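model-v8.txt follows (compact mmCIF, C-alpha atoms):
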```
# COMPACT_ATOMS: atom_id res chain seq x y z
CA MET A 1 350.97 35.62 110.95
CA LYS A 2 353.46 33.77 113.13
CA VAL A 3 353.18 29.98 113.40
CA CYS A 4 355.00 27.89 116.00
CA PHE A 5 356.10 24.31 115.32
CA THR A 6 357.30 22.06 118.14
CA ALA A 7 360.60 20.41 117.18
CA LYS A 8 363.31 18.12 118.46
CA GLY A 9 366.02 20.37 116.95
CA ALA A 10 366.63 23.98 116.01
CA THR A 11 366.27 23.79 112.21
CA LEU A 12 363.45 23.32 109.71
CA GLU A 13 364.94 19.92 108.89
CA SER A 14 364.54 18.82 112.50
CA LEU A 15 362.01 16.17 113.45
CA SER A 16 358.80 17.55 114.80
CA GLU A 17 358.09 16.95 118.49
CA GLU A 18 354.72 15.54 119.52
CA ARG A 19 354.71 17.04 122.99
CA PHE A 20 354.07 20.74 123.41
CA GLY A 21 355.21 21.72 126.92
CA ARG A 22 358.33 19.57 126.84
CA ALA A 23 359.30 20.17 123.20
CA PRO A 24 363.05 20.93 123.03
CA PHE A 25 362.55 23.75 120.50
CA PHE A 26 359.82 26.07 119.34
CA ILE A 27 360.43 27.00 115.71
CA ILE A 28 358.52 30.19 115.01
CA ILE A 29 357.97 31.11 111.38
CA ASP A 30 356.64 34.46 110.21
CA LEU A 31 354.62 33.45 107.13
CA ASP A 32 354.47 37.03 105.87
CA SER A 33 358.21 37.74 105.87
CA GLY A 34 359.45 34.14 105.73
CA ALA A 35 361.72 34.76 108.70
CA SER A 36 362.15 31.89 111.16
CA GLU A 37 363.46 31.72 114.68
CA ALA A 38 364.28 28.75 116.90
CA VAL A 39 363.51 29.28 120.59
CA GLN A 40 365.00 26.75 122.98
CA ASN A 41 362.48 25.59 125.59
CA PRO A 42 363.93 26.07 129.08
CA TYR A 43 361.16 23.95 130.65
CA VAL A 44 361.99 20.60 128.98
CA GLU A 45 363.09 19.12 132.32
CA GLY A 46 360.58 21.07 134.44
CA ALA A 47 358.82 19.23 137.25
CA GLY A 48 355.35 20.58 136.49
CA GLY A 49 353.38 23.46 135.08
CA VAL A 50 355.45 23.37 131.89
CA GLY A 51 352.39 23.73 129.65
CA PRO A 52 351.35 27.22 130.76
CA LYS A 53 354.99 28.32 130.87
CA ALA A 54 355.52 27.15 127.29
CA ALA A 55 352.30 28.92 126.30
CA GLN A 56 353.78 32.09 127.82
CA ILE A 57 356.75 31.81 125.44
CA LEU A 58 354.38 31.70 122.44
CA ILE A 59 352.39 34.65 123.76
CA SER A 60 355.58 36.67 124.25
CA HIS A 61 356.58 35.94 120.65
CA ASP A 62 353.21 37.04 119.27
CA VAL A 63 352.48 33.60 117.86
CA THR A 64 348.98 33.20 116.40
CA ALA A 65 348.96 29.46 115.57
CA LEU A 66 350.58 26.35 117.01
CA VAL A 67 351.35 23.09 115.20
CA SER A 68 352.09 20.26 117.63
CA GLY A 69 351.13 16.68 118.45
CA GLN A 70 349.68 16.84 121.88
CA VAL A 71 348.72 19.85 124.00
CA GLY A 72 347.85 19.31 127.67
CA GLY A 73 344.83 20.74 129.45
CA ASN A 74 346.42 23.73 131.17
CA ALA A 75 348.46 24.69 128.10
CA ARG A 76 345.35 24.39 125.95
CA GLU A 77 343.44 26.69 128.29
CA ALA A 78 346.22 29.28 128.20
CA LEU A 79 346.62 29.08 124.42
CA MET A 80 342.88 29.36 123.82
CA ALA A 81 342.63 32.32 126.18
CA ALA A 82 345.46 33.94 124.24
CA GLY A 83 343.62 33.31 120.96
CA ILE A 84 346.32 31.00 119.60
CA GLU A 85 344.85 28.43 117.21
CA MET A 86 346.06 24.84 117.59
CA PHE A 87 346.66 22.36 114.77
CA THR A 88 347.55 18.68 115.13
CA PHE A 89 350.56 17.25 113.31
CA ARG A 90 352.11 13.86 113.92
CA GLY A 91 354.75 13.20 111.32
CA SER A 92 358.30 13.74 110.28
CA SER A 93 360.01 17.10 109.91
CA VAL A 94 359.11 20.68 110.65
CA ASN A 95 359.38 21.37 106.91
CA ASP A 96 356.67 18.78 106.24
CA ALA A 97 354.49 20.31 108.93
CA LEU A 98 355.00 23.75 107.40
CA GLU A 99 354.07 22.49 103.90
CA GLN A 100 350.90 20.88 105.21
CA PHE A 101 350.02 23.94 107.25
CA LYS A 102 350.37 26.15 104.15
CA LYS A 103 348.13 23.75 102.18
CA ASN A 104 345.56 23.99 104.96
CA ALA A 105 345.82 20.19 105.34
CA LEU A 106 346.19 20.06 109.14
CA GLN A 107 343.30 19.38 111.43
CA ARG A 108 342.38 22.09 113.87
CA SER A 109 342.43 20.96 117.47
CA GLU A 110 339.51 22.38 119.43
CA MET B 1 356.70 11.90 172.39
CA LYS B 2 355.87 11.81 168.69
CA ILE B 3 356.03 8.43 166.93
CA ALA B 4 355.47 8.06 163.18
CA VAL B 5 354.33 4.83 161.57
CA ALA B 6 355.53 4.54 157.96
CA SER B 7 356.23 1.76 155.50
CA GLY B 8 357.26 2.61 151.98
CA LYS B 9 354.99 -0.04 150.46
CA GLY B 10 351.27 0.46 150.88
CA GLY B 11 349.10 -2.13 152.57
CA THR B 12 351.74 -3.53 154.90
CA GLY B 13 349.77 -2.69 158.04
CA LYS B 14 350.66 0.85 159.10
CA SER B 15 347.14 1.61 160.22
CA MET B 16 346.85 -1.74 162.00
CA VAL B 17 350.01 -1.01 163.99
CA ALA B 18 349.10 2.64 164.67
CA ALA B 19 345.51 1.84 165.68
CA ASN B 20 346.50 -0.99 168.02
CA LEU B 21 349.33 1.01 169.59
CA ALA B 22 347.01 3.94 170.21
CA TYR B 23 344.18 1.76 171.51
CA THR B 24 346.38 -0.21 173.89
CA LEU B 25 348.24 2.77 175.31
CA SER B 26 345.05 4.82 175.67
CA LEU B 27 343.86 2.27 178.24
CA ALA B 28 346.49 3.72 180.58
CA GLU B 29 347.33 7.25 179.40
CA PRO B 30 346.10 10.02 177.07
CA VAL B 31 346.98 9.31 173.43
CA THR B 32 346.48 11.28 170.24
CA LEU B 33 346.37 9.49 166.91
CA VAL B 34 346.85 11.60 163.79
CA ASP B 35 345.81 10.14 160.44
CA CYS B 36 348.34 11.75 158.08
CA ASP B 37 347.28 9.61 155.10
CA VAL B 38 345.13 12.55 154.01
CA GLU B 39 344.42 11.22 150.52
CA GLU B 40 342.79 8.14 152.00
CA PRO B 41 342.45 8.33 155.79
CA ASN B 42 341.04 5.17 157.38
CA LEU B 43 341.61 5.29 161.16
CA HIS B 44 338.09 6.65 161.71
CA LEU B 45 336.86 3.22 160.59
CA PHE B 46 338.51 1.67 163.66
CA PHE B 47 337.49 4.54 165.94
CA PRO B 48 334.05 5.75 164.88
CA GLY B 49 332.46 8.70 166.60
CA PRO B 50 331.18 12.23 166.01
CA ALA B 51 333.92 14.58 164.83
CA GLU B 52 334.32 18.34 164.62
CA SER B 53 335.69 19.43 161.32
CA THR B 54 337.54 22.61 160.34
CA ASP B 55 338.65 23.74 156.89
CA VAL B 56 342.29 23.79 155.80
CA THR B 57 343.01 26.67 153.45
CA ILE B 58 346.01 27.86 151.51
CA PRO B 59 346.55 31.41 150.23
CA VAL B 60 346.39 31.92 146.47
CA PRO B 61 346.98 35.17 144.57
CA VAL B 62 344.21 37.50 143.49
CA PHE B 63 345.02 39.97 140.70
CA ASP B 64 343.81 43.56 140.79
CA THR B 65 343.08 44.13 137.09
CA ALA B 66 343.01 47.90 137.53
CA ALA B 67 346.49 48.06 139.05
CA CYS B 68 348.08 45.34 136.86
CA ASP B 69 349.93 46.58 133.76
CA LEU B 70 350.56 43.02 132.45
CA CYS B 71 354.34 43.35 132.85
CA GLY B 72 354.61 39.57 133.23
CA LYS B 73 357.04 39.50 136.18
CA CYS B 74 354.74 37.27 138.27
CA GLY B 75 354.48 34.70 135.47
CA GLU B 76 358.25 34.72 134.94
CA PHE B 77 358.82 34.20 138.65
CA CYS B 78 356.30 31.38 139.16
CA GLN B 79 358.21 28.11 138.96
CA PHE B 80 354.99 26.10 138.91
CA GLY B 81 353.45 27.57 135.75
CA ALA B 82 350.43 28.77 137.71
CA ILE B 83 350.37 32.23 136.11
CA THR B 84 350.20 32.98 132.39
CA VAL B 85 350.14 36.67 131.48
CA LEU B 86 348.14 37.26 128.32
CA ARG B 87 348.08 40.46 126.25
CA ASP B 88 344.87 41.59 127.90
CA ARG B 89 344.67 39.75 131.22
CA VAL B 90 346.27 37.36 133.70
CA LEU B 91 345.34 33.68 133.65
CA PHE B 92 345.70 31.84 136.96
CA PHE B 93 345.78 28.03 137.42
CA PRO B 94 344.95 27.48 141.11
CA GLU B 95 345.72 23.73 141.00
CA LEU B 96 349.32 24.49 139.98
CA CYS B 97 349.86 27.13 142.70
CA HIS B 98 352.06 26.13 145.66
CA SER B 99 351.16 29.22 147.73
CA CYS B 100 354.76 30.40 147.88
CA GLY B 101 353.75 34.07 147.80
CA GLY B 102 356.54 34.93 145.38
CA CYS B 103 354.26 36.64 142.87
CA LEU B 104 353.23 39.17 145.54
CA LEU B 105 356.86 39.98 146.25
CA VAL B 106 357.89 40.53 142.63
CA CYS B 107 354.83 42.52 141.48
CA PRO B 108 356.10 46.09 140.96
CA LYS B 109 352.56 47.51 141.02
CA GLY B 110 351.38 45.85 144.23
CA ALA B 111 348.52 44.45 142.18
CA ILE B 112 348.48 41.02 143.85
CA THR B 113 346.87 40.12 147.17
CA GLU B 114 346.16 36.72 148.68
CA SER B 115 342.90 35.00 149.35
CA PRO B 116 342.31 31.68 151.13
CA VAL B 117 341.13 28.64 149.18
CA ARG B 118 339.96 25.45 150.88
CA ILE B 119 341.95 22.31 150.05
CA GLY B 120 340.79 19.93 152.79
CA THR B 121 339.64 19.48 156.37
CA VAL B 122 340.94 18.41 159.74
CA SER B 123 338.49 16.48 161.94
CA VAL B 124 338.90 15.89 165.65
CA SER B 125 337.00 13.27 167.64
CA ILE B 126 337.25 11.56 171.02
CA PRO B 127 336.25 7.98 170.22
CA LEU B 128 337.55 6.56 173.53
CA PRO B 129 337.91 8.28 176.92
CA SER B 130 341.68 8.76 176.60
CA LEU B 131 342.01 8.79 172.82
CA ILE B 132 341.88 11.80 170.54
CA LEU B 133 341.71 11.06 166.81
CA VAL B 134 342.79 13.79 164.38
CA THR B 135 342.05 13.08 160.73
CA GLY B 136 343.38 15.10 157.82
CA LEU B 137 341.31 14.83 154.64
CA LEU B 138 342.39 16.28 151.32
CA ASP B 139 339.55 17.50 149.11
CA THR B 140 339.02 15.50 145.93
CA GLY B 141 340.84 17.21 143.07
CA SER B 142 343.25 19.13 145.28
CA PRO B 143 346.85 18.09 144.68
CA LEU B 144 348.50 19.55 147.79
CA ALA B 145 348.53 16.98 150.60
CA VAL B 146 351.35 18.57 152.58
CA PRO B 147 349.48 21.60 154.04
CA VAL B 148 346.63 19.32 155.20
CA ILE B 149 349.12 16.99 156.94
CA GLY B 150 350.78 20.02 158.55
CA ALA B 151 347.41 21.29 159.79
CA ALA B 152 346.46 17.88 161.20
CA LYS B 153 349.78 17.57 163.04
CA ALA B 154 349.44 21.12 164.38
CA ARG B 155 346.21 20.12 166.15
CA ALA B 156 348.21 17.62 168.21
CA ALA B 157 351.37 19.70 168.62
CA THR B 158 351.13 20.09 172.39
CA HIS B 159 349.78 16.63 173.17
CA PRO B 160 352.09 14.40 175.24
CA LEU B 161 351.94 11.15 173.25
CA VAL B 162 351.14 11.30 169.56
CA PHE B 163 351.17 8.68 166.81
CA TYR B 164 351.33 9.80 163.18
CA ASP B 165 349.93 7.27 160.70
CA SER B 166 351.76 8.06 157.45
CA SER B 167 350.74 7.58 153.85
CA PRO B 168 352.74 4.98 151.91
CA GLY B 169 355.66 5.97 149.71
CA THR B 170 358.64 8.19 150.38
CA ALA B 171 357.50 11.46 148.79
CA CYS B 172 356.61 14.88 150.25
CA PRO B 173 353.57 13.70 152.30
CA VAL B 174 355.74 11.13 154.10
CA ILE B 175 358.51 13.67 154.72
CA GLU B 176 355.93 16.10 156.14
CA THR B 177 354.58 13.34 158.41
CA LEU B 178 358.04 12.31 159.62
CA ASP B 179 359.22 15.87 160.23
CA GLY B 180 359.56 16.46 163.97
CA SER B 181 358.99 12.80 164.91
CA ASP B 182 361.09 11.38 167.72
CA PHE B 183 360.90 7.86 166.34
CA CYS B 184 359.60 5.97 163.31
CA VAL B 185 358.10 2.48 163.24
CA LEU B 186 358.65 1.01 159.77
CA VAL B 187 356.02 -1.61 158.98
CA THR B 188 356.95 -4.18 156.34
CA GLU B 189 355.74 -7.56 155.12
CA SER B 190 357.69 -10.64 154.07
CA THR B 191 357.50 -10.07 150.33
CA PRO B 192 360.22 -8.82 147.95
CA PHE B 193 358.13 -5.71 147.34
CA GLY B 194 357.79 -5.09 151.08
CA LEU B 195 361.55 -5.35 151.51
CA HIS B 196 362.32 -3.19 148.48
CA ASP B 197 360.19 -0.34 149.77
CA LEU B 198 361.40 -0.86 153.34
CA GLU B 199 364.89 -0.11 152.02
CA LEU B 200 363.63 3.16 150.50
CA ALA B 201 361.78 4.17 153.66
CA ALA B 202 364.74 3.26 155.90
CA ASP B 203 366.90 5.51 153.69
CA VAL B 204 364.50 8.40 154.19
CA VAL B 205 364.32 8.16 157.99
CA ALA B 206 368.11 7.76 158.19
CA GLY B 207 368.51 10.83 155.99
CA MET B 208 366.22 12.78 158.31
CA GLY B 209 368.12 11.59 161.37
CA ILE B 210 365.08 9.89 162.91
CA PRO B 211 365.73 6.69 164.88
CA ALA B 212 363.68 3.77 163.59
CA GLY B 213 362.76 0.14 164.14
CA VAL B 214 360.90 -2.45 162.09
CA VAL B 215 357.66 -4.38 162.50
CA ILE B 216 357.25 -7.37 160.19
CA ASN B 217 353.56 -7.90 159.53
CA ARG B 218 351.82 -10.89 157.91
CA SER B 219 354.99 -12.91 158.39
CA ASP B 220 355.01 -16.27 156.62
CA GLY B 221 357.95 -17.29 158.79
CA GLU B 222 360.42 -16.81 155.96
CA ASP B 223 361.75 -13.38 156.78
CA GLU B 224 365.47 -14.05 156.27
CA ALA B 225 365.96 -11.37 153.59
CA THR B 226 364.23 -8.76 155.75
CA LEU B 227 366.12 -9.85 158.86
CA ASP B 228 369.42 -9.67 156.96
CA PHE B 229 368.64 -6.17 155.72
CA CYS B 230 367.70 -5.01 159.22
CA ALA B 231 370.87 -6.52 160.71
CA GLU B 232 373.02 -4.83 158.07
CA HIS B 233 371.39 -1.47 158.68
CA ASP B 234 371.28 -1.63 162.44
CA LEU B 235 367.47 -1.69 162.46
CA GLU B 236 365.93 -3.60 165.31
CA VAL B 237 363.03 -5.91 164.41
CA MET B 238 360.72 -4.85 167.22
CA MET B 239 357.73 -7.09 166.57
CA THR B 240 356.66 -9.82 164.15
CA VAL B 241 352.96 -10.42 163.48
CA PRO B 242 352.24 -13.77 161.83
CA PHE B 243 350.06 -14.14 158.77
CA ASP B 244 346.68 -15.16 160.10
CA ARG B 245 343.33 -15.12 158.34
CA GLU B 246 341.57 -14.28 161.57
CA PHE B 247 343.72 -11.18 162.05
CA ALA B 248 342.84 -10.13 158.51
CA ALA B 249 339.14 -10.64 159.23
CA ILE B 250 339.35 -8.58 162.43
CA GLN B 251 341.04 -5.78 160.51
CA ASN B 252 338.56 -5.94 157.62
CA GLN B 253 335.63 -5.58 160.00
CA GLY B 254 337.12 -2.39 161.41
CA CYS B 255 337.89 -4.13 164.69
CA LEU B 256 341.11 -4.06 166.67
CA LEU B 257 343.40 -7.02 167.26
CA CYS B 258 344.17 -5.81 170.79
CA ARG B 259 340.47 -5.52 171.64
CA GLU B 260 339.51 -8.93 170.22
CA HIS B 261 342.65 -10.60 171.58
CA PRO B 262 343.71 -8.66 174.70
CA GLU B 263 346.81 -10.85 175.01
CA TRP B 264 348.25 -8.80 172.15
CA GLN B 265 348.14 -5.63 174.31
CA GLU B 266 351.28 -6.75 176.10
CA ARG B 267 353.07 -7.08 172.74
CA PHE B 268 352.04 -3.59 171.67
CA ARG B 269 353.02 -2.14 175.05
CA ALA B 270 356.41 -3.79 174.56
CA LEU B 271 356.60 -2.26 171.08
CA TYR B 272 356.01 1.17 172.59
CA SER B 273 358.67 0.56 175.27
CA GLY B 274 361.02 -0.41 172.45
CA CYS B 275 360.25 2.87 170.65
CA ARG B 276 361.08 4.87 173.78
CA HIS B 277 364.24 2.90 174.35
CA LEU B 278 365.51 3.24 170.77
CA ALA B 279 364.58 6.93 170.72
CA GLY B 280 366.66 7.45 173.85
CA VAL B 281 363.69 8.48 176.00
CA SER B 282 363.89 7.32 179.60
CA PRO B 283 361.44 4.47 180.30
```
As structure tokens:
Amino acid sequence: MKVCFTAKGATLESLSEERFGRAPFFIIIDLDSGASEAVQNPYVEGAGGVGPKAAQILISHDVTALVSGQVGGNAREALMAAGIEMFTFRGSSVNDALEQFKKNALQRSE
Amino acid sequence: MKIAVASGKGGTGKSMVAANLAYTLSLAEPVTLVDCDVEEPNLHLFFPGPAESTDVTIPVPVFDTAACDLCGKCGEFCQFGAITVLRDRVLFFPELCHSCGGCLLVCPKGAITESPVRIGTVSVSIPLPSLILVTGLLDTGSPLAVPVIGAAKARAATHPLVFYDSSPGTACPVIETLDGSDFCVLVTESTPFGLHDLELAADVVAGMGIPAGVVINRSDGEDEATLDFCAEHDLEVMMTVPFDREFAAIQNQGCLLCREHPEWQERFRALYSGCRHLAGVSP
């Protein structure tokens, strides 16, 4: 499965980003192969509608779960429709978020 | 002639000025008053009467699921995030759509058509023999004020003398209201906030090339900062209305200053003459 973490930078050491639609980077980790990819978010400065557009990026990358702080209403609707599970993380680095996700310690956001 | 009444700051007295101008002038000639503050129109409170209402619609895309192959081009094109293309279907967010029609143009399968969706109404009434009131009203929950303002203005397009009562601020609804105006009356009040927003509004009308003048409302007699600003920017102060509890009470009861105190009619007629003069229209 592919999990997306919202981040302020492009590496696993980067701080996690609480906002979904305006997160500077989406770090997508394939838990099966261990491969990771950092996708820069082109909608950081967007005027509006950034949530659904960010959701489209995740859909295009076949992401199945999202770990982020806050997901807006439209983005949530798009992610749910796409069957992408959402988990809440408010903390330090992407690595920490990944550890907690693997331990099943993150709360699912309905 | 089309005259807009704007302010920048809310609550300075735009509607008071627009309503009294329209009332006074309608005693002598046909006048149309357009309430362009479509998120919160209030001129009908001063001019009650039965109105005929028509819907304002905007076109939004409809997706033919049989023809769509989920290529995603429409979603990529949409700058407003209104279309998300899932693996098995298209998700549309109507409240984000700006009705640009771009998705129709880029769809390689011709799978998108347009269908009208109501976002508000335009009401027309004749509350006084020579006064037509056009009121734009945006539906609750709809975010697009501009098409409703455009529709309201269109109802008065051919009328000889039209006043547009603007919403406060300097954003898209105000630009839409000002567009095509021959003159703009900027209503301010003698407060720092009133002056601050007057500066913003004056910038907007100057940028749009619309001649303008200033009305100072609720003046406490200490208008030096406003007068200095107007002098520096070549803005004529066309009328000053003093702060007066009775005027406030008249306004709050939905009455008109020029009806309760007919001596004010002369002042508002002079304001209109000033508009014509500054707009370069022969008297």
Near segment 139-154 of chain B, counting only C-alpha atoms, which residues have an atom at most 8 Å away, once you skip same-chain residues fewer than 6 positions from it, shown as an MDAnalysis selection string?
-> chainID B and resid 34:39 56 58 95 98 119:122 164 172:173 176:177
By how many Å are atom CA of Glu29 of chain B and atom CA of Ser7 of chain B apart?
-> 26.1 Å
Mind checking which residues fall within 12 Å of Asp32 of chain A, counting all atoms listed in the file, ignoring those fewer than 3 positions away in the same chain, and posting them as a list in words?
-> Met1, Lys2, Val3, Ile29, Ala35, Ser36 and Lys102 of chain A
Could you write those residues out with C-alpha atoms, as an mmCIF file, in the coordinates of the input?
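Saved result, part_13.cif, follows:
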```cif
data_model
loop_
_atom_site.group_PDB
_atom_site.id
_atom_site.type_symbol
_atom_site.label_atom_id
_atom_site.label_comp_id
_atom_site.auth_asym_id
_atom_site.auth_seq_id
_atom_site.Cartn_x
_atom_site.Cartn_y
_atom_site.Cartn_z
ATOM 1 C CA MET A 1 350.970 35.620 110.950
ATOM 2 C CA LYS A 2 353.460 33.770 113.130
ATOM 3 C CA VAL A 3 353.180 29.980 113.400
ATOM 4 C CA ILE A 29 357.970 31.110 111.380
ATOM 5 C CA ALA A 35 361.720 34.760 108.700
ATOM 6 C CA SER A 36 362.150 31.890 111.160
ATOM 7 C CA LYS A 102 350.370 26.150 104.150
#
```
Would you mind telling me which residue in B:Phe163, B:Tyr272, B:Phe243, B:Phe193 lies nearest to Val31 of chain B when using all atoms listed in the file?
-> B:Phe163
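Distance criterion 9 Å to chain A, applied with all atoms listed in the file, yields Gly75, Glu76, Cys78, Gln79, Phe80, Gly81, Ala82, Ile83, Thr84, Val85, Leu86, Arg87, Asp88, Leu91, Phe93 and Leu96 of chain B on chain B.
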Separation of atom CA of Gly49 of chain B from atom CA of Leu257 of chain B in Å = 19.2 Å
Neighbour list for Val185 of chain B as an MDAnalysis selection string, cut-off 6 Å, all atoms listed in the file, skip fewer than 4 positions in-chain = chainID B and resid 5 212:214
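Atom CA of Thr135 of chain B to atom CA of Met208 of chain B spans 24.3 Å [interatomic distance, one decimal].
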Segment 98-100 of chain A environment, 12 Å, all atoms listed in the file, sequence neighbours closer than 2 positions dropped, as a ChimeraX atom specification = /A:2-7,12-16,27-31,34,36,65-68,87-96,102-107
Residue selection dump (C-alpha atoms) as a PDB file, in the frame of the given file:
```
ATOM      1  CA  LYS A   2     353.460  33.770 113.130  1.00  0.00           C
ATOM      2  CA  VAL A   3     353.180  29.980 113.400  1.00  0.00           C
ATOM      3  CA  CYS A   4     355.000  27.890 116.000  1.00  0.00           C
ATOM      4  CA  PHE A   5     356.100  24.310 115.320  1.00  0.00           C
ATOM      5  CA  THR A   6     357.300  22.060 118.140  1.00  0.00           C
ATOM      6  CA  ALA A   7     360.600  20.410 117.180  1.00  0.00           C
ATOM      7  CA  LEU A  12     363.450  23.320 109.710  1.00  0.00           C
ATOM      8  CA  GLU A  13     364.940  19.920 108.890  1.00  0.00           C
ATOM      9  CA  SER A  14     364.540  18.820 112.500  1.00  0.00           C
ATOM     10  CA  LEU A  15     362.010  16.170 113.450  1.00  0.00           C
ATOM     11  CA  SER A  16     358.800  17.550 114.800  1.00  0.00           C
ATOM     12  CA  ILE A  27     360.430  27.000 115.710  1.00  0.00           C
ATOM     13  CA  ILE A  28     358.520  30.190 115.010  1.00  0.00           C
ATOM     14  CA  ILE A  29     357.970  31.110 111.380  1.00  0.00           C
ATOM     15  CA  ASP A  30     356.640  34.460 110.210  1.00  0.00           C
ATOM     16  CA  LEU A  31     354.620  33.450 107.130  1.00  0.00           C
ATOM     17  CA  GLY A  34     359.450  34.140 105.730  1.00  0.00           C
ATOM     18  CA  SER A  36     362.150  31.890 111.160  1.00  0.00           C
ATOM     19  CA  ALA A  65     348.960  29.460 115.570  1.00  0.00           C
ATOM     20  CA  LEU A  66     350.580  26.350 117.010  1.00  0.00           C
ATOM     21  CA  VAL A  67     351.350  23.090 115.200  1.00  0.00           C
ATOM     22  CA  SER A  68     352.090  20.260 117.630  1.00  0.00           C
ATOM     23  CA  PHE A  87     346.660  22.360 114.770  1.00  0.00           C
ATOM     24  CA  THR A  88     347.550  18.680 115.130  1.00  0.00           C
ATOM     25  CA  PHE A  89     350.560  17.250 113.310  1.00  0.00           C
ATOM     26  CA  ARG A  90     352.110  13.860 113.920  1.00  0.00           C
ATOM     27  CA  GLY A  91     354.750  13.200 111.320  1.00  0.00           C
ATOM     28  CA  SER A  92     358.300  13.740 110.280  1.00  0.00           C
ATOM     29  CA  SER A  93     360.010  17.100 109.910  1.00  0.00           C
ATOM     30  CA  VAL A  94     359.110  20.680 110.650  1.00  0.00           C
ATOM     31  CA  ASN A  95     359.380  21.370 106.910  1.00  0.00           C
ATOM     32  CA  ASP A  96     356.670  18.780 106.240  1.00  0.00           C
ATOM     33  CA  LYS A 102     350.370  26.150 104.150  1.00  0.00           C
ATOM     34  CA  LYS A 103     348.130  23.750 102.180  1.00  0.00           C
ATOM     35  CA  ASN A 104     345.560  23.990 104.960  1.00  0.00           C
ATOM     36  CA  ALA A 105     345.820  20.190 105.340  1.00  0.00           C
ATOM     37  CA  LEU A 106     346.190  20.060 109.140  1.00  0.00           C
ATOM     38  CA  GLN A 107     343.300  19.380 111.430  1.00  0.00           C
TER      39      GLN A 107
END
```
Enumerate, as a list in words, the protein, DNA and RNA residues whose atoms approach (366.5, 1.1, 157.7) to within 9 Å, taking into account only C-alpha atoms and the coordinate frame of the file.
-> Leu186, Leu198, Glu199, Leu200, Ala201, Ala202, Asp203, Val204, Val205, Ala206, Ala212, Gly213, Val214, Phe229, Cys230, Glu232, His233, Asp234, Leu235 and Glu236 of chain B
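Closest approach to Met86 of chain A among A:Arg108, A:Ala10, A:Phe101, A:Glu45: A:Arg108, based on all atoms listed in the file.
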Please, what is the axis-aligned box for every listed atom of segment 57-72 of chain A with 5 Å on each side, as centre and edge lengths in Å to one decimal, as JSON?
```
{"center_x": 352.3, "center_y": 26.9, "center_z": 121.4, "size_x": 18.9, "size_y": 30.4, "size_z": 22.5}
```
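Distances from B:Leu45, B:Ser123, B:Glu224, B:Ile210 to Asp179 of chain B were compared using only C-alpha atoms, and the smallest one belongs to B:Ile210.
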Some atoms are absent from segment 21-33 of chain B, so rebuild N, CA and C atoms and return them as a PDB file, in the frame of the given file.
```pdb
ATOM      1  N   LEU B  21     348.473   0.296 168.626  1.00  0.00           N
ATOM      2  CA  LEU B  21     349.330   1.010 169.590  1.00  0.00           C
ATOM      3  C   LEU B  21     348.508   2.045 170.344  1.00  0.00           C
ATOM      4  N   ALA B  22     347.777   2.852 169.586  1.00  0.00           N
ATOM      5  CA  ALA B  22     347.010   3.940 170.210  1.00  0.00           C
ATOM      6  C   ALA B  22     345.939   3.391 171.140  1.00  0.00           C
ATOM      7  N   TYR B  23     345.239   2.345 170.689  1.00  0.00           N
ATOM      8  CA  TYR B  23     344.180   1.760 171.510  1.00  0.00           C
ATOM      9  C   TYR B  23     344.753   1.234 172.821  1.00  0.00           C
ATOM     10  N   THR B  24     345.810   0.441 172.714  1.00  0.00           N
ATOM     11  CA  THR B  24     346.380  -0.210 173.890  1.00  0.00           C
ATOM     12  C   THR B  24     346.905   0.819 174.895  1.00  0.00           C
ATOM     13  N   LEU B  25     347.648   1.791 174.389  1.00  0.00           N
ATOM     14  CA  LEU B  25     348.240   2.770 175.310  1.00  0.00           C
ATOM     15  C   LEU B  25     347.187   3.679 175.916  1.00  0.00           C
ATOM     16  N   SER B  26     346.095   3.917 175.152  1.00  0.00           N
ATOM     17  CA  SER B  26     345.050   4.820 175.670  1.00  0.00           C
ATOM     18  C   SER B  26     344.313   4.196 176.853  1.00  0.00           C
ATOM     19  N   LEU B  27     344.490   2.901 177.065  1.00  0.00           N
ATOM     20  CA  LEU B  27     343.860   2.270 178.240  1.00  0.00           C
ATOM     21  C   LEU B  27     344.535   2.743 179.521  1.00  0.00           C
ATOM     22  N   ALA B  28     345.744   3.315 179.381  1.00  0.00           N
ATOM     23  CA  ALA B  28     346.490   3.720 180.580  1.00  0.00           C
ATOM     24  C   ALA B  28     346.869   5.199 180.604  1.00  0.00           C
ATOM     25  N   GLU B  29     346.902   5.850 179.429  1.00  0.00           N
ATOM     26  CA  GLU B  29     347.330   7.250 179.400  1.00  0.00           C
ATOM     27  C   GLU B  29     346.702   7.960 178.195  1.00  0.00           C
ATOM     28  N   PRO B  30     346.689   9.299 178.207  1.00  0.00           N
ATOM     29  CA  PRO B  30     346.100  10.020 177.070  1.00  0.00           C
ATOM     30  C   PRO B  30     346.953   9.852 175.807  1.00  0.00           C
ATOM     31  N   VAL B  31     346.290   9.538 174.697  1.00  0.00           N
ATOM     32  CA  VAL B  31     346.980   9.310 173.430  1.00  0.00           C
ATOM     33  C   VAL B  31     346.265  10.102 172.331  1.00  0.00           C
ATOM     34  N   THR B  32     347.051  10.650 171.431  1.00  0.00           N
ATOM     35  CA  THR B  32     346.480  11.280 170.240  1.00  0.00           C
ATOM     36  C   THR B  32     346.976  10.529 169.011  1.00  0.00           C
ATOM     37  N   LEU B  33     346.049  10.212 168.145  1.00  0.00           N
ATOM     38  CA  LEU B  33     346.370   9.490 166.910  1.00  0.00           C
ATOM     39  C   LEU B  33     346.052  10.423 165.751  1.00  0.00           C
TER      40      LEU B  33
END
```
